[in-house]
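Here the structure comes first, spelled out in structure tokens, and everything after it is commentary.
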Amino acid sequence: MNDFRPPYPQQPYPPQPPYQYGVVQPRNGIGTAGFVLGLVGLVFSVIPFVGVIAWPLVIVGLVLSIIGSSRAHKGWASNGGLAAAGIACSAIGLGICVLMATAFGNAFGDREPTRGASSAGPTTTASAVPTTTSAPSPVRSSAEAAPVTEPEPGTVADGKYEVGVDIEPGQYKTAGPPEDSVMELCFWSRTSDDSGDFNAIIASEMVPGPGSVTVKAGEFVKFNGGCTWKATT
């Protein structure tokens with residue numbers, strides 16, 4: 001006799017949840033653009049004269065980086081770290097732009113005519129060239145009429161000088177800015193005349209520490225930053 005057994009009833013499988021694909025966040029294009037603009041603006045901000053193009057770059061870069069960082073924080077975009085780096089680069093670049101603008105404003109803000117350049121005619125005292133053994137007298141505008149402390153003999157303080165008339169030509173050195181300096185920079189600018197025009201600039205430099213400059217007869221030189229410059233020859 002055959003052993004007949006009914007088949008086992010088929011057990012239903014439990015329903016399977018749908019496959020969950022990873023959610024890919026959209027790229028943070030705004031944050032990336034802000035980082036690129038901020039980085040480029042930071043590079044240009046430290047270049048004298050050329051740094052004027054850094055202003056729009058760092059400002060736009062800062063705005064885009066802030067927007068990109070906000071989007072990443074809300075989960076709407078990725079690359080939050082890149083956007084944060086853009087904020088840092090743009091902020092530093094903007095600070096350098098402000099510092100450079102302040103320094104150049106102080107350097108070229110004095111447009112008063114100096115001795116020997118008056119419209120009333122040539123001066124009659126230009127025949128004697130002072131030596132470096134006596135303190136030079138800087139040409140000052142009416143806004144700078146306040147009494148100042150005269151530098152030591154053979155040294156030059158802040159001011160505008162006509163080389164060959166106010167100071168002798170040659171090399172001048174500085175040990176750097178004083179300890180109480182606000183900007184911590186020594187600035188010099190050589191110009192072909194005292195007009196204050198941009199085209200008259202021969203050369204200029206911001207010196208964060210010890211430095212030197214060589215001036216020639218017939219040109220003008222201006223010092224800023226509260227530094228003391230001493231003639232070497």
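In the structure tokens, chains take the letters A, B, ... in the order shown, each chain's residues start at 1, and ligands count up from 1 in the order shown.
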Can you tell me, as an mmCIF file with N, CA and C atoms, in the first residue's frame, what residues are no more than 6 Å from segment 165-179 of chain A when counting only C-alpha atoms, ignoring any on the same chain fewer than 4 positions away?
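Result file part-v3.cif:
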```
data_model
loop_
_atom_site.group_PDB
_atom_site.id
_atom_site.type_symbol
_atom_site.label_atom_id
_atom_site.label_comp_id
_atom_site.auth_asym_id
_atom_site.auth_seq_id
_atom_site.Cartn_x
_atom_site.Cartn_y
_atom_site.Cartn_z
ATOM 1 N N VAL A 129 72.209 122.481 -1.206
ATOM 2 C CA VAL A 129 71.740 121.122 -0.984
ATOM 3 C C VAL A 129 72.145 120.700 0.411
ATOM 4 N N PRO A 136 66.403 116.541 7.902
ATOM 5 C CA PRO A 136 65.677 117.170 6.792
ATOM 6 C C PRO A 136 64.324 117.689 7.239
ATOM 7 N N TYR A 161 59.522 114.345 0.315
ATOM 8 C CA TYR A 161 60.795 115.043 0.155
ATOM 9 C C TYR A 161 61.181 115.124 -1.320
ATOM 10 N N GLU A 184 51.710 98.198 11.119
ATOM 11 C CA GLU A 184 52.906 97.355 11.156
ATOM 12 C C GLU A 184 53.524 97.225 9.776
ATOM 13 N N LEU A 185 53.566 98.333 9.041
ATOM 14 C CA LEU A 185 54.148 98.362 7.708
ATOM 15 C C LEU A 185 54.861 99.696 7.502
ATOM 16 N N CYS A 186 56.014 99.640 6.844
ATOM 17 C CA CYS A 186 56.696 100.850 6.402
ATOM 18 C C CYS A 186 56.426 100.996 4.901
ATOM 19 N N GLY A 209 59.169 94.725 7.558
ATOM 20 C CA GLY A 209 60.304 94.631 8.469
ATOM 21 C C GLY A 209 61.429 95.518 7.986
ATOM 22 N N PRO A 210 62.678 95.145 8.233
ATOM 23 C CA PRO A 210 63.797 95.937 7.735
ATOM 24 C C PRO A 210 63.776 96.034 6.214
ATOM 25 N N GLY A 211 64.124 97.187 5.689
ATOM 26 C CA GLY A 211 64.112 97.383 4.237
ATOM 27 C C GLY A 211 64.930 98.599 3.866
ATOM 28 N N SER A 212 65.027 98.844 2.559
ATOM 29 C CA SER A 212 65.811 99.967 2.065
ATOM 30 C C SER A 212 65.216 100.471 0.768
ATOM 31 N N VAL A 213 65.583 101.697 0.404
ATOM 32 C CA VAL A 213 65.164 102.310 -0.854
ATOM 33 C C VAL A 213 66.271 103.244 -1.317
ATOM 34 N N THR A 214 66.517 103.270 -2.615
ATOM 35 C CA THR A 214 67.522 104.150 -3.198
ATOM 36 C C THR A 214 66.810 105.233 -4.009
ATOM 37 N N VAL A 215 67.073 106.484 -3.691
ATOM 38 C CA VAL A 215 66.418 107.611 -4.357
ATOM 39 C C VAL A 215 67.450 108.389 -5.155
ATOM 40 N N LYS A 216 66.971 109.033 -6.240
ATOM 41 C CA LYS A 216 67.853 109.759 -7.150
ATOM 42 C C LYS A 216 67.486 111.240 -7.168
ATOM 43 N N ALA A 217 68.440 112.046 -7.513
ATOM 44 C CA ALA A 217 68.225 113.495 -7.560
ATOM 45 C C ALA A 217 67.183 113.837 -8.612
ATOM 46 N N CYS A 227 57.851 104.948 10.386
ATOM 47 C CA CYS A 227 59.177 104.336 10.418
ATOM 48 C C CYS A 227 60.260 105.421 10.297
ATOM 49 N N THR A 228 61.448 105.076 10.732
ATOM 50 C CA THR A 228 62.587 105.969 10.640
ATOM 51 C C THR A 228 63.557 105.419 9.600
ATOM 52 N N TRP A 229 63.936 106.260 8.634
ATOM 53 C CA TRP A 229 64.840 105.874 7.549
ATOM 54 C C TRP A 229 66.155 106.616 7.728
ATOM 55 N N LYS A 230 67.261 105.887 7.635
ATOM 56 C CA LYS A 230 68.593 106.467 7.881
ATOM 57 C C LYS A 230 69.433 106.340 6.622
ATOM 58 N N ALA A 231 70.092 107.436 6.244
ATOM 59 C CA ALA A 231 70.952 107.434 5.064
ATOM 60 C C ALA A 231 72.186 106.569 5.330
ATOM 61 N N THR A 232 72.560 105.753 4.350
ATOM 62 C CA THR A 232 73.699 104.859 4.507
ATOM 63 C C THR A 232 74.972 105.425 3.893
#
```
(request) Find the residues around Phe187 of chain A up to 7 Å (only C-alpha atoms counted), leave out those fewer than 2 positions away in its own chain, and share them as a list in words. (result) Leu185, Ser189, Glu205, Met206, Val207, Phe223, Asn224 and Gly225 of chain A
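Counting from atom CA of Val58 of chain A, the distance to atom CA of Met100 of chain A is 14.1 Å.
Using only C-alpha atoms for every distance, the candidate list A:Asn79, A:Ser192, A:Ser204, A:Asn199 yields A:Ser204 as the residue closest to Ile47 of chain A.
Between atom CA of Ala203 of chain A and atom CA of Leu57 of chain A the interatomic distance comes to 25.7 Å.
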(request) Might you pull out every residue within 10 Å of Ile202 of chain A, with only C-alpha atoms counted and same-chain residues fewer than 3 positions away left off, and present them as a VMD selection string? (result) chain A and resid 189 to 193 198 to 199 219 to 221
Can I get the selected residues back with C-alpha atoms, as a PDB file, in the first residue's frame?
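Written out: part-v4.pdb:
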```pdb
ATOM      1  CA  SER A 189      56.914 105.714  -2.840  1.00  0.00           C
ATOM      2  CA  ARG A 190      59.197 107.292  -5.466  1.00  0.00           C
ATOM      3  CA  THR A 191      57.558 109.645  -7.964  1.00  0.00           C
ATOM      4  CA  SER A 192      58.821 111.703 -10.885  1.00  0.00           C
ATOM      5  CA  ASP A 193      57.017 114.829  -9.620  1.00  0.00           C
ATOM      6  CA  PHE A 198      49.147 107.687 -10.645  1.00  0.00           C
ATOM      7  CA  ASN A 199      51.324 107.958 -13.763  1.00  0.00           C
ATOM      8  CA  GLU A 219      62.609 112.801  -8.044  1.00  0.00           C
ATOM      9  CA  PHE A 220      60.320 112.866  -5.021  1.00  0.00           C
ATOM     10  CA  VAL A 221      59.996 110.266  -2.262  1.00  0.00           C
TER      11      VAL A 221
END
```
